[in-house]
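Visitor: Handing over start04.txt, compact mmCIF, C-alpha atoms.
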```
# COMPACT_ATOMS: atom_id res chain seq x y z
CA MET Y 257 64.98 148.39 74.64
CA VAL Y 258 66.18 145.26 72.84
CA SER Y 259 69.31 147.08 71.64
CA LYS Y 260 70.45 147.48 75.25
CA LEU Y 261 70.46 143.74 75.96
CA THR Y 262 73.94 142.28 76.36
CA VAL Y 263 74.66 138.66 75.49
CA SER Y 264 77.68 137.26 77.33
CA PRO Y 265 79.44 133.92 76.82
CA SER Y 266 78.73 130.98 79.12
CA PRO Y 267 78.78 130.07 81.94
CA HIS Y 268 75.83 132.22 82.95
CA ILE Y 269 75.51 130.82 86.47
CA LYS Y 270 78.21 132.06 88.82
CA ALA Y 271 79.18 130.05 91.90
CA PRO Y 272 79.54 131.92 95.20
CA ALA Y 273 83.12 130.65 95.64
CA SER Y 274 85.97 132.95 94.65
CA THR Y 275 89.73 132.53 94.45
CA SER Y 276 90.20 134.36 97.74
CA SER Y 277 87.58 132.28 99.58
CA ILE Y 278 89.09 129.05 98.26
CA MET Y 279 92.59 130.08 99.29
CA MET Y 280 91.41 131.21 102.71
CA ASN Y 281 89.86 127.77 103.24
CA VAL Y 282 93.12 126.11 102.22
CA ALA Y 283 95.06 128.35 104.62
CA ALA Y 284 92.61 127.51 107.40
CA ALA Y 285 93.01 123.79 106.70
CA LEU Y 286 96.79 124.16 107.06
CA ILE Y 287 96.56 125.79 110.51
CA PRO Y 288 96.46 122.53 112.55
CA ALA Y 289 99.68 121.29 110.96
CA GLY Y 290 101.29 124.69 111.56
CA ILE Y 291 100.37 124.62 115.25
CA VAL Y 292 101.84 121.12 115.63
CA SER Y 293 105.05 122.20 113.89
CA VAL Y 294 105.51 125.13 116.29
CA LEU Y 295 104.84 122.89 119.30
CA THR Y 296 107.26 120.28 117.97
CA PHE Y 297 110.10 122.39 116.57
CA GLY Y 298 109.74 125.56 118.63
CA TYR Y 299 110.14 129.18 117.61
CA ARG Y 300 112.21 128.31 114.53
CA ALA Y 301 109.10 126.87 112.89
CA LEU Y 302 107.12 130.05 113.52
CA ILE Y 303 109.92 132.22 112.14
CA LEU Y 304 110.26 130.19 108.95
CA ILE Y 305 106.50 130.18 108.36
CA ALA Y 306 106.22 133.94 108.91
CA VAL Y 307 109.27 134.76 106.77
CA THR Y 308 108.25 132.50 103.88
CA VAL Y 309 104.67 133.78 103.76
CA ALA Y 310 105.86 137.41 103.96
CA THR Y 311 108.42 136.81 101.20
CA CYS Y 312 105.85 135.28 98.85
CA VAL Y 313 103.31 138.06 99.43
CA LEU Y 314 105.90 140.83 99.07
CA THR Y 315 107.39 139.30 95.91
CA GLU Y 316 103.99 139.10 94.23
CA TYR Y 317 103.10 142.63 95.33
CA LEU Y 318 106.35 144.10 93.99
CA PHE Y 319 106.10 142.18 90.72
CA CYS Y 320 102.56 143.42 90.06
CA ARG Y 321 103.62 146.94 91.01
CA LEU Y 322 106.71 146.98 88.79
CA MET Y 323 104.91 145.38 85.84
CA LYS Y 324 101.93 147.72 86.34
CA GLN Y 325 99.58 144.76 86.49
CA ARG Y 326 96.41 144.32 88.50
CA GLN Y 327 97.37 143.65 92.13
CA THR Y 328 96.67 140.00 92.98
CA VAL Y 329 97.95 139.62 96.55
CA GLY Y 330 94.37 139.96 97.75
CA ASP Y 331 93.46 136.51 96.40
CA PHE Y 332 95.58 134.88 99.16
CA SER Y 333 97.24 132.47 96.73
CA ALA Y 334 100.68 133.83 97.68
CA VAL Y 335 99.86 133.18 101.34
CA VAL Y 336 99.03 129.55 100.57
CA THR Y 337 102.21 129.16 98.51
CA GLY Y 338 104.23 130.56 101.41
CA LEU Y 339 102.59 128.20 103.90
CA LEU Y 340 103.11 125.14 101.70
CA LEU Y 341 106.71 126.05 101.03
CA ALA Y 342 107.41 126.62 104.73
CA TYR Y 343 105.81 123.28 105.58
CA ASN Y 344 108.26 121.63 103.15
CA LEU Y 345 111.35 123.04 104.90
CA PRO Y 346 113.33 121.64 107.83
CA SER Y 347 113.32 123.78 110.97
CA THR Y 348 117.11 124.07 110.81
CA LEU Y 349 117.13 125.81 107.42
CA PRO Y 350 118.75 129.29 107.49
CA VAL Y 351 116.17 132.03 107.13
CA TRP Y 352 117.81 133.59 104.07
CA MET Y 353 117.45 130.31 102.18
CA ALA Y 354 113.72 130.32 102.93
CA VAL Y 355 113.59 133.84 101.48
CA VAL Y 356 115.32 132.62 98.31
CA GLY Y 357 112.79 129.79 98.05
CA GLY Y 358 109.84 132.16 98.43
CA ILE Y 359 111.16 134.50 95.74
CA PHE Y 360 111.80 131.58 93.39
CA ALA Y 361 108.31 130.13 93.93
CA ILE Y 362 106.44 133.36 93.22
CA LEU Y 363 108.68 135.10 90.71
CA PHE Y 364 110.03 132.29 88.54
CA VAL Y 365 107.32 129.63 88.81
CA LYS Y 366 104.18 131.75 89.13
CA CYS Y 367 104.49 135.38 88.01
CA LEU Y 368 106.76 134.95 85.00
CA PHE Y 369 104.34 132.39 83.58
CA GLY Y 370 101.40 134.77 83.85
CA GLY Y 371 100.32 134.46 87.47
CA ILE Y 372 97.72 132.25 89.10
CA GLY Y 373 96.02 130.00 86.59
CA ASP Y 374 98.92 130.03 84.12
CA ASN Y 375 101.75 128.33 86.03
CA PHE Y 376 102.54 124.87 84.67
CA ALA Y 377 103.81 123.48 87.99
CA ASN Y 378 103.04 123.87 91.68
CA PRO Y 379 105.18 126.82 92.91
CA ALA Y 380 105.79 125.45 96.41
CA ILE Y 381 106.88 122.03 95.17
CA THR Y 382 109.12 123.46 92.47
CA ALA Y 383 110.73 125.81 95.00
CA ARG Y 384 111.35 122.92 97.38
CA ILE Y 385 113.10 120.93 94.65
CA PHE Y 386 115.13 124.03 93.72
CA LEU Y 387 116.24 124.48 97.33
CA LEU Y 388 117.01 120.77 97.64
CA ILE Y 389 119.31 120.93 94.62
CA ALA Y 390 120.89 124.27 95.55
CA PHE Y 391 121.28 123.64 99.28
CA SER Y 392 121.30 119.87 99.65
CA LYS Y 393 123.02 119.74 103.04
CA GLU Y 394 120.80 122.36 104.67
CA MET Y 395 117.61 120.86 103.19
CA THR Y 396 118.44 117.41 104.58
CA THR Y 397 119.49 118.41 108.10
CA TRP Y 398 116.65 117.56 110.44
CA ALA Y 399 115.98 118.63 114.00
CA ASN Y 400 115.27 115.72 116.34
CA PRO Y 401 112.54 116.93 118.72
CA ASN Y 402 112.58 115.38 122.18
CA SER Y 403 109.16 116.55 123.31
CA TYR Y 404 105.97 118.28 122.22
CA VAL Y 405 107.02 121.47 123.93
CA LYS Y 406 110.68 122.02 123.16
CA ALA Y 407 112.80 120.97 120.21
CA CYS Y 408 116.49 120.09 120.52
CA GLU Y 409 117.72 122.20 117.60
CA THR Y 410 121.31 121.07 118.21
CA VAL Y 411 120.47 117.37 117.89
CA THR Y 412 119.87 116.03 114.41
CA GLY Y 413 118.94 112.65 113.09
CA ALA Y 414 117.41 110.77 110.18
CA THR Y 415 113.73 111.06 109.38
CA PRO Y 416 111.54 107.95 109.76
CA LEU Y 417 111.27 107.72 105.98
CA ALA Y 418 115.06 107.76 105.62
CA ILE Y 419 115.36 105.03 108.25
CA LEU Y 420 112.84 102.76 106.55
CA THR Y 421 114.01 103.27 102.96
CA THR Y 422 117.68 102.67 103.78
CA GLY Y 423 117.30 99.24 105.33
CA GLY Y 424 116.09 100.18 108.81
CA SER Y 425 113.19 98.44 110.50
CA VAL Y 426 110.01 99.73 112.05
CA MET Y 427 111.62 99.16 115.45
CA ASP Y 428 114.24 101.82 114.59
CA ALA Y 429 111.60 104.41 113.67
CA PRO Y 430 109.15 106.33 115.91
CA ASN Y 431 105.97 104.50 116.87
CA MET Y 432 102.77 105.09 114.94
CA LEU Y 433 101.30 107.39 117.60
CA ASN Y 434 104.26 109.76 117.34
CA MET Y 435 104.06 109.55 113.56
CA LEU Y 436 100.42 110.60 113.66
CA LEU Y 437 100.97 113.39 116.19
CA GLY Y 438 104.14 114.74 114.58
CA VAL Y 439 106.70 114.02 117.31
CA ARG Y 440 109.46 113.07 114.89
CA GLY Y 441 112.03 114.50 112.54
CA GLY Y 442 111.07 115.92 109.19
CA CYS Y 443 109.91 119.09 107.46
CA LEU Y 444 107.74 121.52 109.41
CA GLY Y 445 104.33 120.68 108.05
CA GLU Y 446 104.69 117.09 106.95
CA THR Y 447 105.28 115.43 110.32
CA ALA Y 448 101.77 115.64 111.83
CA ALA Y 449 99.84 113.17 109.66
CA LEU Y 450 96.69 113.46 111.80
CA ALA Y 451 96.62 117.27 111.57
CA LEU Y 452 97.03 117.11 107.80
CA LEU Y 453 94.28 114.49 107.55
CA ILE Y 454 91.93 116.75 109.53
CA GLY Y 455 92.78 119.66 107.24
CA GLY Y 456 92.23 117.53 104.16
CA ILE Y 457 88.84 116.31 105.36
CA TYR Y 458 87.90 119.93 106.03
CA LEU Y 459 88.71 120.85 102.41
CA ILE Y 460 86.61 117.96 101.13
CA TYR Y 461 83.74 118.93 103.44
CA LYS Y 462 83.89 122.54 102.22
CA LYS Y 463 83.99 121.21 98.63
CA VAL Y 464 87.24 123.03 97.95
CA ILE Y 465 88.65 119.75 96.63
CA THR Y 466 87.18 116.37 95.77
CA ALA Y 467 88.37 113.17 97.39
CA THR Y 468 89.45 111.66 94.07
CA ILE Y 469 93.13 112.66 93.99
CA PRO Y 470 93.86 112.23 97.75
CA VAL Y 471 92.22 108.82 97.91
CA THR Y 472 93.87 107.66 94.68
CA VAL Y 473 97.31 108.82 95.86
CA LEU Y 474 96.96 107.17 99.28
CA VAL Y 475 95.63 103.88 97.91
CA THR Y 476 98.36 103.77 95.26
CA VAL Y 477 101.07 104.48 97.85
CA PHE Y 478 99.70 101.67 100.04
CA VAL Y 479 99.56 99.13 97.21
CA MET Y 480 102.94 100.09 95.73
CA SER Y 481 104.53 99.89 99.17
CA LEU Y 482 103.29 96.32 99.52
CA ILE Y 483 104.65 95.46 96.08
CA THR Y 484 108.09 96.99 96.75
CA GLY Y 485 108.42 95.54 100.24
CA LEU Y 486 108.04 98.78 102.20
CA ASN Y 487 105.81 99.11 105.24
CA PRO Y 488 102.57 100.49 103.74
CA PHE Y 489 101.27 102.07 106.94
CA TYR Y 490 104.51 103.94 107.56
CA MET Y 491 104.63 105.05 103.95
CA LEU Y 492 101.22 106.67 104.39
CA VAL Y 493 102.09 108.68 107.50
CA SER Y 494 105.77 109.41 106.84
CA GLY Y 495 107.44 111.89 104.54
CA GLY Y 496 105.25 114.24 102.59
CA THR Y 497 102.51 111.74 101.72
CA MET Y 498 99.64 113.45 103.54
CA ILE Y 499 100.48 117.06 102.70
CA ALA Y 500 101.13 116.10 99.09
CA ALA Y 501 97.92 114.09 98.69
CA PHE Y 502 95.56 116.69 100.16
CA PHE Y 503 97.22 120.05 99.60
CA MET Y 504 99.70 119.92 96.69
CA ALA Y 505 98.53 117.25 94.27
CA THR Y 506 95.03 118.82 94.36
CA ASP Y 507 96.18 122.22 93.06
CA TYR Y 508 93.50 123.39 90.60
CA VAL Y 509 95.92 124.75 88.01
CA THR Y 510 98.35 121.86 87.79
CA SER Y 511 96.02 118.85 88.18
CA PRO Y 512 93.54 117.40 85.66
CA VAL Y 513 90.00 118.71 85.31
CA ARG Y 514 87.89 115.57 84.93
CA GLU Y 515 87.55 112.87 87.59
CA SER Y 516 88.98 110.20 85.28
CA GLY Y 517 92.01 112.39 84.69
CA LYS Y 518 92.41 112.92 88.43
CA ILE Y 519 92.52 109.15 88.96
CA ILE Y 520 95.27 108.80 86.36
CA PHE Y 521 97.12 111.72 87.96
CA GLY Y 522 96.82 110.25 91.47
CA ILE Y 523 98.02 106.82 90.37
CA GLY Y 524 101.01 108.40 88.63
CA VAL Y 525 101.95 110.40 91.73
CA GLY Y 526 101.72 107.36 94.00
CA VAL Y 527 103.65 105.04 91.69
CA ILE Y 528 106.50 107.47 91.03
CA ALA Y 529 106.80 108.49 94.68
CA VAL Y 530 107.08 104.93 95.98
CA LEU Y 531 109.50 103.89 93.23
CA ILE Y 532 111.78 106.78 94.19
CA ARG Y 533 111.48 105.87 97.87
CA ALA Y 534 112.19 102.20 97.23
CA TYR Y 535 114.95 102.43 94.63
CA GLY Y 536 116.16 106.05 94.48
CA SER Y 537 119.08 107.62 96.32
CA TYR Y 538 116.77 110.20 97.95
CA PRO Y 539 114.31 108.78 100.49
CA GLU Y 540 111.42 111.13 99.63
CA GLY Y 541 109.78 111.16 96.22
CA MET Y 542 106.50 113.04 96.56
CA SER Y 543 107.75 116.41 95.33
CA PHE Y 544 109.40 114.91 92.26
CA ALA Y 545 106.36 112.75 91.56
CA ILE Y 546 103.94 115.68 91.64
CA LEU Y 547 106.22 117.87 89.52
CA LEU Y 548 106.50 115.15 86.87
CA MET Y 549 102.74 114.62 86.84
CA ASN Y 550 102.19 118.41 86.64
CA ILE Y 551 104.13 118.34 83.38
CA VAL Y 552 101.92 115.63 81.86
CA THR Y 553 98.64 117.13 83.15
CA PRO Y 554 97.87 118.89 79.82
CA HIS Y 555 98.19 115.53 78.04
CA ILE Y 556 95.94 113.85 80.62
CA ASN Y 557 93.36 116.59 80.09
CA LYS Y 558 93.58 116.14 76.33
CA LEU Y 559 92.89 112.43 76.69
CA THR Y 560 90.05 112.69 79.22
CA ILE Y 561 88.15 115.91 78.45
CA LYS Y 562 85.15 115.14 76.25
CA MET Y 563 84.14 117.26 73.30
CA PRO Y 564 81.07 119.42 74.12
CA PHE Y 565 77.88 118.61 72.22
CA GLY Y 566 78.08 120.38 68.90
CA GLY Y 567 81.74 121.20 69.36
CA VAL Y 568 84.20 121.18 66.48
CA LYS Y 569 87.65 119.58 66.67
```
Turn the structure described in the file into structure tokens.
Guide:
Amino acid sequence: MVSKLTVSPSPHIKAPASTSSIMMNVAAALIPAGIVSVLTFGYRALILIAVTVATCVLTEYLFCRLMKQRQTVGDFSAVVTGLLLAYNLPSTLPVWMAVVGGIFAILFVKCLFGGIGDNFANPAITARIFLLIAFSKEMTTWANPNSYVKACETVTGATPLAILTTGGSVMDAPNMLNMLLGVRGGCLGETAALALLIGGIYLIYKKVITATIPVTVLVTVFVMSLITGLNPFYMLVSGGTMIAAFFMATDYVTSPVRESGKIIFGIGVGVIAVLIRAYGSYPEGMSFAILLMNIVTPHINKLTIKMPFGGVK
């Protein structure tokens, strides 16, 4: 009887959460921002979201099929990547460019590095930066919505963040209510700060993420904005601050493990983002800040993870 006992390595207690349940919660938390984007930017937003999600899922499915690997599309991580990428695109972007971004995110940033858990950087953020470099004009052409029901796709203008970081005043930008509700120019999923905040609180409530990174990022952005002379309240609700703090900086794979490491990570993201906004030639810095901090995450982990009792260096 004793010979049939199997001793397995720790941990021996398994949590009820799975990758698919976590990703489904993240997708659910992103729904409010998606609804606002469709109401604000019209059918173009819905098309880009659907195309980007479908591209990410199909790319992962075909890669696993061609490489004869275990099929992983069922964990919903490709769906979340597609949503996050779509939310980082302007509504005026040609559909084929969104397809290119989805393929790049899944194939080159995720699958070729070993799939979920092995990618060194956030796929959606890296794909956004790739598209920004490859198609700069298209990625910085913003629709200027005139109502919550219909978007004027033929009218373009600067985003509030671009106005404020290029010498404009708060009087030239949309009021705070419109900033919170998403009635302004910008990428699909980053305009509705209130919807993103609701989604982020939902993730914290469901214990999908902890509040450490979001709070650290937001506090750092506020303080750094004061130091650099930018309006701190506008810096919190404009650009990609909210979506980055709650949905992209908190990525399990590319953020530190321990709480102390998460604080360091959040401070780094906030500092770099505001410095780029204040002194860089590009008004938004969140994507670059998170990508840079993704790269140093292994070093942060090395500095903050404690040696287990009885462990050997």
Visitor: List every protein, DNA or RNA residue that has at least one atom no more than 9 Å from (106.1, 115.6, 92.0) in the file's coordinates, counting all atoms listed in the file, and write the result as a VMD selection string.
Guide: chain Y and resid 378 381 to 382 500 505 525 528 to 529 541 to 550
Visitor: Atom CA of Y:Phe489 to atom CA of Y:Thr476: how many Å, to one decimal?
Guide: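 It comes out at 12.2 Å.
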Visitor: Could you check which of Y:Val439, Y:Ala285, Y:Ala534, Y:Ile385 is closest to Y:Gly485, using only C-alpha atoms?
Guide: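 Smallest separation from Y:Gly485 among the options: Y:Ala534.
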Visitor: In Å, rounded to a single decimal, give me how far atom CA of Y:Gln327 is from atom CA of Y:Ile372.
Guide: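 Distance between the two atoms: 11.8 Å.
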Visitor: Y:Ile551: which residues within 9 Å, counting only C-alpha atoms, same-chain residues fewer than 5 positions away excluded, as a list in words?
Guide: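 Non-adjacent residues within range: Phe376, Ala377, Thr510 and Ile546 of chain Y.
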Visitor: Can you build me a table of stretch 448-553 of chain Y residues sitting at most 10 Å from stretch 337-345 of chain Y, with the closest atom pair per residue and its distance in Å to one decimal, using all atoms listed in the file, sorted by chain and residue number, as JSON lines?
Guide:
```
{"residue": "Y:Gly495", "atom": "CA", "partner": "Y:Asn344", "partner_atom": "CA", "distance": 9.9}
{"residue": "Y:Gly496", "atom": "CA", "partner": "Y:Asn344", "partner_atom": "CA", "distance": 8.0}
{"residue": "Y:Ile499", "atom": "CA", "partner": "Y:Leu340", "partner_atom": "CA", "distance": 8.6}
{"residue": "Y:Ala500", "atom": "CA", "partner": "Y:Leu340", "partner_atom": "CA", "distance": 9.6}
{"residue": "Y:Phe503", "atom": "CA", "partner": "Y:Leu340", "partner_atom": "CA", "distance": 8.1}
{"residue": "Y:Met504", "atom": "CA", "partner": "Y:Leu340", "partner_atom": "CA", "distance": 8.0}
{"residue": "Y:Ser543", "atom": "CA", "partner": "Y:Asn344", "partner_atom": "CA", "distance": 9.4}
```
Visitor: Report, in Å with one decimal, the straight-line distance from atom CA of Y:Gly330 to atom CA of Y:Leu459.
Guide: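 Computing it gives 20.5 Å between the two atoms.
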Visitor: List the neighbours of Y:Ser347 out to 8 Å using all atoms listed in the file; skip same-chain residues closer than 6 positions along the sequence, and give me the result as a list in words.
Guide: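 Once the nearby chain positions are removed, what remains is Phe297, Arg300, Ala301, Leu304, Trp398, Ala399, Cys443 and Leu444 of chain Y.
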Visitor: Smallest atom-to-atom distance to Y:Ala448: which of Y:Gly526, Y:Pro379, Y:Pro272, Y:Pro288, using only C-alpha atoms?
Guide: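 When distances to Y:Ala448 are compared using only C-alpha atoms, the smallest one comes from Y:Pro288.
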Visitor: Can you list, as a PyMOL selection string, every protein, DNA or RNA residue that comes within 12 Å of Y:Leu559 when you count only C-alpha atoms, leaving out same-chain residues fewer than 3 positions away?
Guide: chain Y and resi 512-514+516-518+520+552-556+562-563
Visitor: Kindly provide, as a PyMOL selection string, the polymer residues lying within 12 Å of (100.0, 100.3, 96.0), counting all atoms listed in the file and using the coordinates exactly as they appear in the file.
Guide: chain Y and resi 471-489+491-492+522-531
Visitor: Taking into account only C-alpha atoms, which residue in the set Y:Gly298, Y:Lys393, Y:Ser494, Y:Ile359 is nearest to Y:Glu540?
Guide: Y:Ser494
